[in-house]
Structure formats: structure tokens, C-alpha cells
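Engineer: Before anything else, here's the structure in question.
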Amino acid sequence: MSEEKYVRPTWDEYFMEVSRAIAKRATCDRGRSGCVIARDNQILVTGYVGSPAGLPHCDDVGHLFRKSVHADGSVTNHCVRTVHAEQNAICQAAKRGISIDGAHLRDAYNQLRNKKGSLRKALPRRGRFA
């Protein structure tokens, strides 16, 4: 009988798995995402897609859509009831006085097409996305 040797996940694999677990708390079915911000392999703060505290959730009352017209003329509908996971994580860090300078961001569902520049300013090291 041969036993398989246990292989520990890498730090990136570990944090991505944690962000996937955090995503299960998301309250908008258009983007169930979770985010981990860590430094020196220690979790500093987490966030998930959800409405601000005290406001209704998409899962409970439905979406609140706004049309966006892009530079190329394309139009998309975007739910504005909720805040993205990485935004929630950054806000939680600020609210609790936790410095995220030099930290790493791991996001279980990358919706950062328009936010990557601002995140680079907040998290100058790197982001890792599933």
C-alpha cells in the first residue's frame, strides 16, 4: 500500500483558497468574489462583494443597475448596490487603522479592469487573481 505524500499549498495557493471561502459571503450573484490582503504571509484584512453595512443586499431585494457608456461607445449595465471585494477590504483596513502598505492582494474573481491603477497606488507590491 502506497501513501501519497501530503504537499502543502504555496502561499499564493493558500491565500487564493482563503479568498474563495470568503467569496461565499458575497451578497450579489453577479460577482461572488472574495479578497485577501496579506503582508509577510499574514492576513491583514479580507473583503467580499456586498452592500455597505445597513443597506439592502442584491440577494434580498434585487439589483440596482446603472448604464455605463464606455469610450468605444459600448453600453453595459452595472449593479451599483454593492461594493467590490477589494474595495471592501481596503475600506476595512482603513476603518480599523491597518496599514496595507507593501501588502499583497489576492482576489477570487478579478473584476478590476478599471480599478487596477488605483489599487496599484494603494497596494504597490502586487495583486494575484484567480
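Identifiers for the C-alpha cells are assigned positionally: chains receive A, B, ... in sequence, residues are indexed from 1 per chain, and ligands are indexed from 1 in the order shown.
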Could you go through chain A and tell me which residues DSSP, when run on the backbone, assigns to alpha helix (DSSP H), listing them as a PyMOL selection string?
Structural biologist: chain A and resi 11-23+58-61+85-96+116-122
Engineer: I want to know what sits within 10 Å of Ser51 (chain A), based on only C-alpha atoms, with residues of the same chain fewer than 4 positions away left out; could you give that as a PDB file with all heavy atoms, in the first residue's frame?
Structural biologist:
```pdb
ATOM      1  N   ALA A  26     -20.416  36.719  -0.187  1.00  0.00           N
ATOM      2  CA  ALA A  26     -20.863  37.765  -1.108  1.00  0.00           C
ATOM      3  C   ALA A  26     -22.388  37.774  -1.227  1.00  0.00           C
ATOM      4  O   ALA A  26     -23.040  36.728  -1.133  1.00  0.00           O
ATOM      5  CB  ALA A  26     -20.220  37.570  -2.474  1.00  0.00           C
ATOM      6  N   THR A  27     -22.945  38.954  -1.442  1.00  0.00           N
ATOM      7  CA  THR A  27     -24.402  39.105  -1.460  1.00  0.00           C
ATOM      8  C   THR A  27     -24.947  39.571  -2.804  1.00  0.00           C
ATOM      9  O   THR A  27     -26.080  40.042  -2.883  1.00  0.00           O
ATOM     10  CB  THR A  27     -24.851  40.084  -0.365  1.00  0.00           C
ATOM     11  OG1 THR A  27     -24.294  41.371  -0.632  1.00  0.00           O
ATOM     12  CG2 THR A  27     -24.430  39.602   1.009  1.00  0.00           C
ATOM     13  N   CYS A  28     -24.170  39.444  -3.872  1.00  0.00           N
ATOM     14  CA  CYS A  28     -24.617  39.801  -5.222  1.00  0.00           C
ATOM     15  C   CYS A  28     -24.238  38.662  -6.152  1.00  0.00           C
ATOM     16  O   CYS A  28     -23.050  38.361  -6.327  1.00  0.00           O
ATOM     17  CB  CYS A  28     -23.972  41.102  -5.691  1.00  0.00           C
ATOM     18  SG  CYS A  28     -24.491  41.606  -7.349  1.00  0.00           S
ATOM     19  N   LEU A  55     -27.397  48.531   4.580  1.00  0.00           N
ATOM     20  CA  LEU A  55     -28.166  48.720   3.352  1.00  0.00           C
ATOM     21  C   LEU A  55     -28.591  47.362   2.798  1.00  0.00           C
ATOM     22  O   LEU A  55     -27.965  46.341   3.079  1.00  0.00           O
ATOM     23  CB  LEU A  55     -27.341  49.491   2.319  1.00  0.00           C
ATOM     24  CG  LEU A  55     -26.977  50.920   2.725  1.00  0.00           C
ATOM     25  CD1 LEU A  55     -26.136  51.594   1.645  1.00  0.00           C
ATOM     26  CD2 LEU A  55     -28.237  51.738   2.994  1.00  0.00           C
ATOM     27  N   PRO A  56     -29.651  47.324   1.997  1.00  0.00           N
ATOM     28  CA  PRO A  56     -30.154  46.044   1.486  1.00  0.00           C
ATOM     29  C   PRO A  56     -29.182  45.380   0.505  1.00  0.00           C
ATOM     30  O   PRO A  56     -28.412  46.053  -0.177  1.00  0.00           O
ATOM     31  CB  PRO A  56     -31.464  46.419   0.790  1.00  0.00           C
ATOM     32  CG  PRO A  56     -31.381  47.877   0.526  1.00  0.00           C
ATOM     33  CD  PRO A  56     -30.464  48.464   1.554  1.00  0.00           C
ATOM     34  N   HIS A  57     -29.239  44.058   0.485  1.00  0.00           N
ATOM     35  CA  HIS A  57     -28.382  43.258  -0.389  1.00  0.00           C
ATOM     36  C   HIS A  57     -29.117  42.852  -1.654  1.00  0.00           C
ATOM     37  O   HIS A  57     -30.333  42.634  -1.631  1.00  0.00           O
ATOM     38  CB  HIS A  57     -27.929  41.983   0.338  1.00  0.00           C
ATOM     39  CG  HIS A  57     -27.154  42.252   1.573  1.00  0.00           C
ATOM     40  ND1 HIS A  57     -25.872  42.761   1.552  1.00  0.00           N
ATOM     41  CD2 HIS A  57     -27.475  42.101   2.884  1.00  0.00           C
ATOM     42  CE1 HIS A  57     -25.429  42.897   2.788  1.00  0.00           C
ATOM     43  NE2 HIS A  57     -26.392  42.509   3.619  1.00  0.00           N
ATOM     44  N   CYS A  58     -28.377  42.685  -2.743  1.00  0.00           N
ATOM     45  CA  CYS A  58     -28.957  42.218  -4.007  1.00  0.00           C
ATOM     46  C   CYS A  58     -29.695  40.900  -3.813  1.00  0.00           C
ATOM     47  O   CYS A  58     -30.773  40.699  -4.374  1.00  0.00           O
ATOM     48  CB  CYS A  58     -27.873  42.026  -5.066  1.00  0.00           C
ATOM     49  SG  CYS A  58     -27.082  43.549  -5.575  1.00  0.00           S
ATOM     50  N   VAL A  80     -24.936  48.690  -8.947  1.00  0.00           N
ATOM     51  CA  VAL A  80     -24.278  49.651  -8.058  1.00  0.00           C
ATOM     52  C   VAL A  80     -24.734  49.517  -6.611  1.00  0.00           C
ATOM     53  O   VAL A  80     -24.393  50.339  -5.763  1.00  0.00           O
ATOM     54  CB  VAL A  80     -24.482  51.103  -8.551  1.00  0.00           C
ATOM     55  CG1 VAL A  80     -23.812  51.301  -9.896  1.00  0.00           C
ATOM     56  CG2 VAL A  80     -25.964  51.464  -8.624  1.00  0.00           C
ATOM     57  N   ARG A  81     -25.507  48.483  -6.314  1.00  0.00           N
ATOM     58  CA  ARG A  81     -25.965  48.271  -4.939  1.00  0.00           C
ATOM     59  C   ARG A  81     -24.819  47.795  -4.041  1.00  0.00           C
ATOM     60  O   ARG A  81     -24.809  48.037  -2.843  1.00  0.00           O
ATOM     61  CB  ARG A  81     -27.106  47.250  -4.910  1.00  0.00           C
ATOM     62  CG  ARG A  81     -27.748  47.118  -3.542  1.00  0.00           C
ATOM     63  CD  ARG A  81     -28.935  46.168  -3.544  1.00  0.00           C
ATOM     64  NE  ARG A  81     -30.004  46.518  -4.444  1.00  0.00           N
ATOM     65  CZ  ARG A  81     -30.889  47.503  -4.255  1.00  0.00           C
ATOM     66  NH1 ARG A  81     -30.811  48.261  -3.179  1.00  0.00           N
ATOM     67  NH2 ARG A  81     -31.841  47.740  -5.134  1.00  0.00           N
ATOM     68  N   THR A  82     -23.858  47.105  -4.633  1.00  0.00           N
ATOM     69  CA  THR A  82     -22.789  46.508  -3.842  1.00  0.00           C
ATOM     70  C   THR A  82     -21.437  47.152  -4.122  1.00  0.00           C
ATOM     71  O   THR A  82     -21.254  47.864  -5.099  1.00  0.00           O
ATOM     72  CB  THR A  82     -22.671  44.999  -4.132  1.00  0.00           C
ATOM     73  OG1 THR A  82     -22.389  44.814  -5.516  1.00  0.00           O
ATOM     74  CG2 THR A  82     -23.937  44.276  -3.756  1.00  0.00           C
ATOM     75  N   VAL A  83     -20.507  46.841  -3.242  1.00  0.00           N
ATOM     76  CA  VAL A  83     -19.127  47.294  -3.364  1.00  0.00           C
ATOM     77  C   VAL A  83     -18.267  46.068  -3.664  1.00  0.00           C
ATOM     78  O   VAL A  83     -18.512  44.984  -3.133  1.00  0.00           O
ATOM     79  CB  VAL A  83     -18.668  47.979  -2.055  1.00  0.00           C
ATOM     80  CG1 VAL A  83     -17.225  48.428  -2.140  1.00  0.00           C
ATOM     81  CG2 VAL A  83     -19.578  49.153  -1.729  1.00  0.00           C
ATOM     82  N   HIS A  84     -17.269  46.238  -4.518  1.00  0.00           N
ATOM     83  CA  HIS A  84     -16.385  45.129  -4.882  1.00  0.00           C
ATOM     84  C   HIS A  84     -15.577  44.635  -3.676  1.00  0.00           C
ATOM     85  O   HIS A  84     -15.329  45.381  -2.729  1.00  0.00           O
ATOM     86  CB  HIS A  84     -15.434  45.558  -5.995  1.00  0.00           C
ATOM     87  CG  HIS A  84     -16.115  45.694  -7.318  1.00  0.00           C
ATOM     88  ND1 HIS A  84     -15.834  44.876  -8.370  1.00  0.00           N
ATOM     89  CD2 HIS A  84     -17.077  46.547  -7.741  1.00  0.00           C
ATOM     90  CE1 HIS A  84     -16.588  45.220  -9.399  1.00  0.00           C
ATOM     91  NE2 HIS A  84     -17.346  46.240  -9.039  1.00  0.00           N
ATOM     92  N   ASN A  88     -14.010  46.710  -0.470  1.00  0.00           N
ATOM     93  CA  ASN A  88     -14.425  46.433   0.913  1.00  0.00           C
ATOM     94  C   ASN A  88     -13.225  46.118   1.801  1.00  0.00           C
ATOM     95  O   ASN A  88     -13.155  46.570   2.943  1.00  0.00           O
ATOM     96  CB  ASN A  88     -15.429  45.281   0.953  1.00  0.00           C
ATOM     97  CG  ASN A  88     -16.858  45.773   0.934  1.00  0.00           C
ATOM     98  OD1 ASN A  88     -17.151  46.831   1.450  1.00  0.00           O
ATOM     99  ND2 ASN A  88     -17.740  44.998   0.344  1.00  0.00           N
TER     100      ASN A  88
END
```
Engineer: Taking 2 positions as the minimum chain separation for residues in the same chain, which residues sit within 6 Å of Ala89 (chain A) when counting only C-alpha atoms? Answer as a PyMOL selection string.
Structural biologist: chain A and resi 45-47+86-87+91-92
Engineer: Would you output that residue set with N, CA, C and O atoms, as a PDB file, in the first residue's frame?
Structural biologist:
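Result file is out.pdb:
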```pdb
ATOM      1  N   VAL A  45      -6.462  41.758   6.288  1.00  0.00           N
ATOM      2  CA  VAL A  45      -7.870  42.106   6.166  1.00  0.00           C
ATOM      3  C   VAL A  45      -8.470  41.328   5.002  1.00  0.00           C
ATOM      4  O   VAL A  45      -7.751  40.888   4.103  1.00  0.00           O
ATOM      5  N   THR A  46      -9.787  41.151   5.033  1.00  0.00           N
ATOM      6  CA  THR A  46     -10.495  40.478   3.948  1.00  0.00           C
ATOM      7  C   THR A  46     -11.688  41.325   3.540  1.00  0.00           C
ATOM      8  O   THR A  46     -12.097  42.244   4.254  1.00  0.00           O
ATOM      9  N   GLY A  47     -12.257  40.995   2.398  1.00  0.00           N
ATOM     10  CA  GLY A  47     -13.470  41.662   1.939  1.00  0.00           C
ATOM     11  C   GLY A  47     -14.202  40.781   0.953  1.00  0.00           C
ATOM     12  O   GLY A  47     -13.617  39.872   0.364  1.00  0.00           O
ATOM     13  N   GLU A  86     -12.371  43.895  -3.240  1.00  0.00           N
ATOM     14  CA  GLU A  86     -11.109  44.580  -2.933  1.00  0.00           C
ATOM     15  C   GLU A  86     -11.368  45.959  -2.336  1.00  0.00           C
ATOM     16  O   GLU A  86     -10.634  46.408  -1.460  1.00  0.00           O
ATOM     17  N   GLN A  87     -12.441  46.634  -2.776  1.00  0.00           N
ATOM     18  CA  GLN A  87     -12.798  47.921  -2.185  1.00  0.00           C
ATOM     19  C   GLN A  87     -13.209  47.737  -0.729  1.00  0.00           C
ATOM     20  O   GLN A  87     -12.818  48.529   0.144  1.00  0.00           O
ATOM     21  N   CYS A  91     -11.360  49.344   2.496  1.00  0.00           N
ATOM     22  CA  CYS A  91     -12.144  50.153   3.443  1.00  0.00           C
ATOM     23  C   CYS A  91     -12.077  49.580   4.855  1.00  0.00           C
ATOM     24  O   CYS A  91     -11.995  50.342   5.831  1.00  0.00           O
ATOM     25  N   GLN A  92     -12.112  48.268   4.983  1.00  0.00           N
ATOM     26  CA  GLN A  92     -11.997  47.644   6.302  1.00  0.00           C
ATOM     27  C   GLN A  92     -10.644  47.954   6.935  1.00  0.00           C
ATOM     28  O   GLN A  92     -10.561  48.226   8.135  1.00  0.00           O
TER      29      GLN A  92
END
```
Engineer: Quick one: pull the distance between CA of Ile100 (chain A) and CA of Phe15 (chain A), Å, one decimal.
Structural biologist: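 Atom-to-atom, CA of Ile100 (chain A) to CA of Phe15 (chain A), that is 15.7 Å.
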Engineer: For each of A:Cys35, A:Arg30, A:Ala21, A:Ile90, take the minimum atom-to-atom distance to Leu64 (chain A), counting only C-alpha atoms, then give the residue where this is smallest.
Structural biologist: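 The answer is A:Arg30, which sits nearest to Leu64 (chain A).
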Engineer: With only C-alpha atoms as the atoms that count, which of A:Ala38, A:His78, A:Asp60, A:Val49 lies nearest to Ile22 (chain A)?
Structural biologist: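 Once distances to Ile22 (chain A) are computed over only C-alpha atoms, the minimum belongs to A:Val49.
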Engineer: Which distance in Å separates CA of Val36 (chain A) and CA of Met16 (chain A), to one decimal?
Structural biologist: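 We find that CA of Val36 (chain A) and CA of Met16 (chain A) lie 7.9 Å from each other.
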Engineer: Report, in Å with one decimal, the straight-line distance from CA of Ile37 (chain A) to CA of Gly62 (chain A).
Structural biologist: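 That distance, rounded to one decimal, is 28.9 Å.
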